[in-house]
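What follows is a short report on a single structure.
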Amino acid sequence: VATTALTLASTALADVVFKVNGVEATPGQLAIAKYKVTDDAPSLAGDEAAVTRAAKDLLVADILLAEAAREAGLALSDKERKKGIVALQAKLGGKAAFADQMRKLGASDDDLEELAGRRMLAQRYVDTVVAPTVTVAEDEARAHYEIPENQVFHAEQLRLRVIFVDAPPGLDAN
């Protein structure tokens, strides 16, 4: 992967949050990435610094992977790009709800199209080039999940069943 030049800029007044290999990430793209991170990992919702870090990591990874995809000769058609955006709109409850969410995030249609295109191209690269070369033996997977920070924990659950019976008037609990 090409050498990464990451330049952080002020998000308050800048049109660019950072650049990676000359590819700009805008404040709108960062807002969309933060929304995605919070949606994917709700436990981060209260930690703005962690959400921002994870969103920047996501953007950088997508930029680098999309660049690698282009170098490998992969591309997306306009039809595929539009289909991906329609799927995002459907996930948020339709065009109107989607437009409202984009407005709340301060993101433009251009921000979304660029971000979605990079994300889909990056995923295509991972699926077609990277994933086929990766193999994980069962003992390696077990060792990974035996490390405490890699274990998946589920909150305690309680199953409660209640049966309501209409008792005749005058009947007490004894």
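Labeling convention for the structure tokens: chains A, B, ... as they appear, residues from 1 per chain, ligands from 1 in order of appearance.
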
Quick one: which range 52-146 of chain A residues come within 12 Å of range 21-40 of chain A, and what is the nearest atom pair for each with the distance in Å to one decimal, counting only C-alpha atoms, rows ordered by chain and ascending number, as CSV?
```
residue,atom,partner,partner_atom,distance
A:Thr52,CA,A:Lys34,CA,6.2
A:Arg53,CA,A:Lys34,CA,8.9
A:Ala54,CA,A:Val37,CA,6.8
A:Ala55,CA,A:Ala33,CA,5.0
A:Lys56,CA,A:Leu30,CA,6.9
A:Asp57,CA,A:Ala33,CA,9.4
A:Leu58,CA,A:Ala33,CA,7.1
A:Leu59,CA,A:Ala33,CA,7.0
A:Val60,CA,A:Ala25,CA,8.6
A:Ala61,CA,A:Ala33,CA,11.7
A:Asp62,CA,A:Ala33,CA,10.6
A:Ile63,CA,A:Val23,CA,7.2
A:Leu64,CA,A:Asn21,CA,8.2
A:Leu65,CA,A:Asn21,CA,11.8
A:Ala66,CA,A:Val23,CA,10.7
A:Glu67,CA,A:Asn21,CA,9.1
A:Ala68,CA,A:Asn21,CA,11.7
A:Leu88,CA,A:Lys36,CA,11.0
A:Lys91,CA,A:Asp39,CA,11.6
A:Leu92,CA,A:Asp39,CA,11.2
A:Phe98,CA,A:Ile32,CA,11.6
A:Gln101,CA,A:Ile32,CA,9.5
A:Met102,CA,A:Ile32,CA,7.9
A:Arg103,CA,A:Gly28,CA,9.8
A:Lys104,CA,A:Ala31,CA,9.5
A:Leu105,CA,A:Ala31,CA,5.8
A:Gly106,CA,A:Gly28,CA,5.8
A:Ala107,CA,A:Gly28,CA,4.0
A:Ser108,CA,A:Gly28,CA,6.6
A:Asp109,CA,A:Gly28,CA,9.4
A:Asp110,CA,A:Gly28,CA,9.1
A:Asp111,CA,A:Gln29,CA,5.4
A:Leu112,CA,A:Gln29,CA,6.8
A:Glu113,CA,A:Gln29,CA,9.6
A:Glu114,CA,A:Gln29,CA,8.3
A:Leu115,CA,A:Gln29,CA,6.4
A:Ala116,CA,A:Gln29,CA,9.5
A:Gly117,CA,A:Gln29,CA,11.8
A:Arg118,CA,A:Val23,CA,10.8
A:Arg119,CA,A:Ala33,CA,10.4
```

- Task: Per DSSP on the backbone, filter range 31-158 of chain A down to the residues in alpha helix (DSSP H) and report them as a VMD selection string.
- Result: chain A and resid 31 to 40 48 to 71 78 to 91 95 to 105 109 to 125 138 to 146

- Query: With distances taken over only C-alpha atoms, which of A:Leu160, A:Val129, A:Val20, A:Ala97 is nearest to Ala72 in chain A?
  - Reply: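 Counting only C-alpha atoms, the residue closest to Ala72 in chain A is A:Val129.
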
- Message: If DSSP is run on the backbone, what residues of range 1-112 of chain A are strand (DSSP E or B)? A reply as number ranges by chain would be ideal.
- Response: A: 6-8, 18-20, 23-25

Please write the residues from the selection above to a file, keeping N, CA and C atoms, as a CSV table (one decimal), in the first residue's frame.
```
chain,number,residue,atom,x,y,z
A,6,LEU,N,-1.0,11.8,6.0
A,6,LEU,CA,-2.2,12.2,6.7
A,6,LEU,C,-2.0,13.5,7.3
A,7,THR,N,-2.8,14.5,6.8
A,7,THR,CA,-2.7,15.9,7.3
A,7,THR,C,-4.0,16.3,8.0
A,8,LEU,N,-3.9,16.5,9.3
A,8,LEU,CA,-5.1,16.9,10.0
A,8,LEU,C,-5.3,18.4,9.9
A,18,PHE,N,-8.9,15.9,6.5
A,18,PHE,CA,-7.6,15.4,6.3
A,18,PHE,C,-7.5,14.9,4.9
A,19,LYS,N,-6.2,14.6,4.5
A,19,LYS,CA,-5.9,14.0,3.2
A,19,LYS,C,-5.1,12.8,3.4
A,20,VAL,N,-5.4,11.8,2.5
A,20,VAL,CA,-4.6,10.6,2.5
A,20,VAL,C,-4.2,10.4,1.1
A,23,VAL,N,-6.1,12.3,-1.4
A,23,VAL,CA,-7.6,12.1,-1.4
A,23,VAL,C,-8.1,12.8,-0.1
A,24,GLU,N,-9.1,13.7,-0.4
A,24,GLU,CA,-9.6,14.5,0.7
A,24,GLU,C,-10.8,13.9,1.4
A,25,ALA,N,-10.8,14.0,2.7
A,25,ALA,CA,-12.0,13.6,3.5
A,25,ALA,C,-12.6,14.9,4.0
```

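Put simply, CA of Glu48 in chain A is 16.0 Å away from CA of Val17 in chain A.
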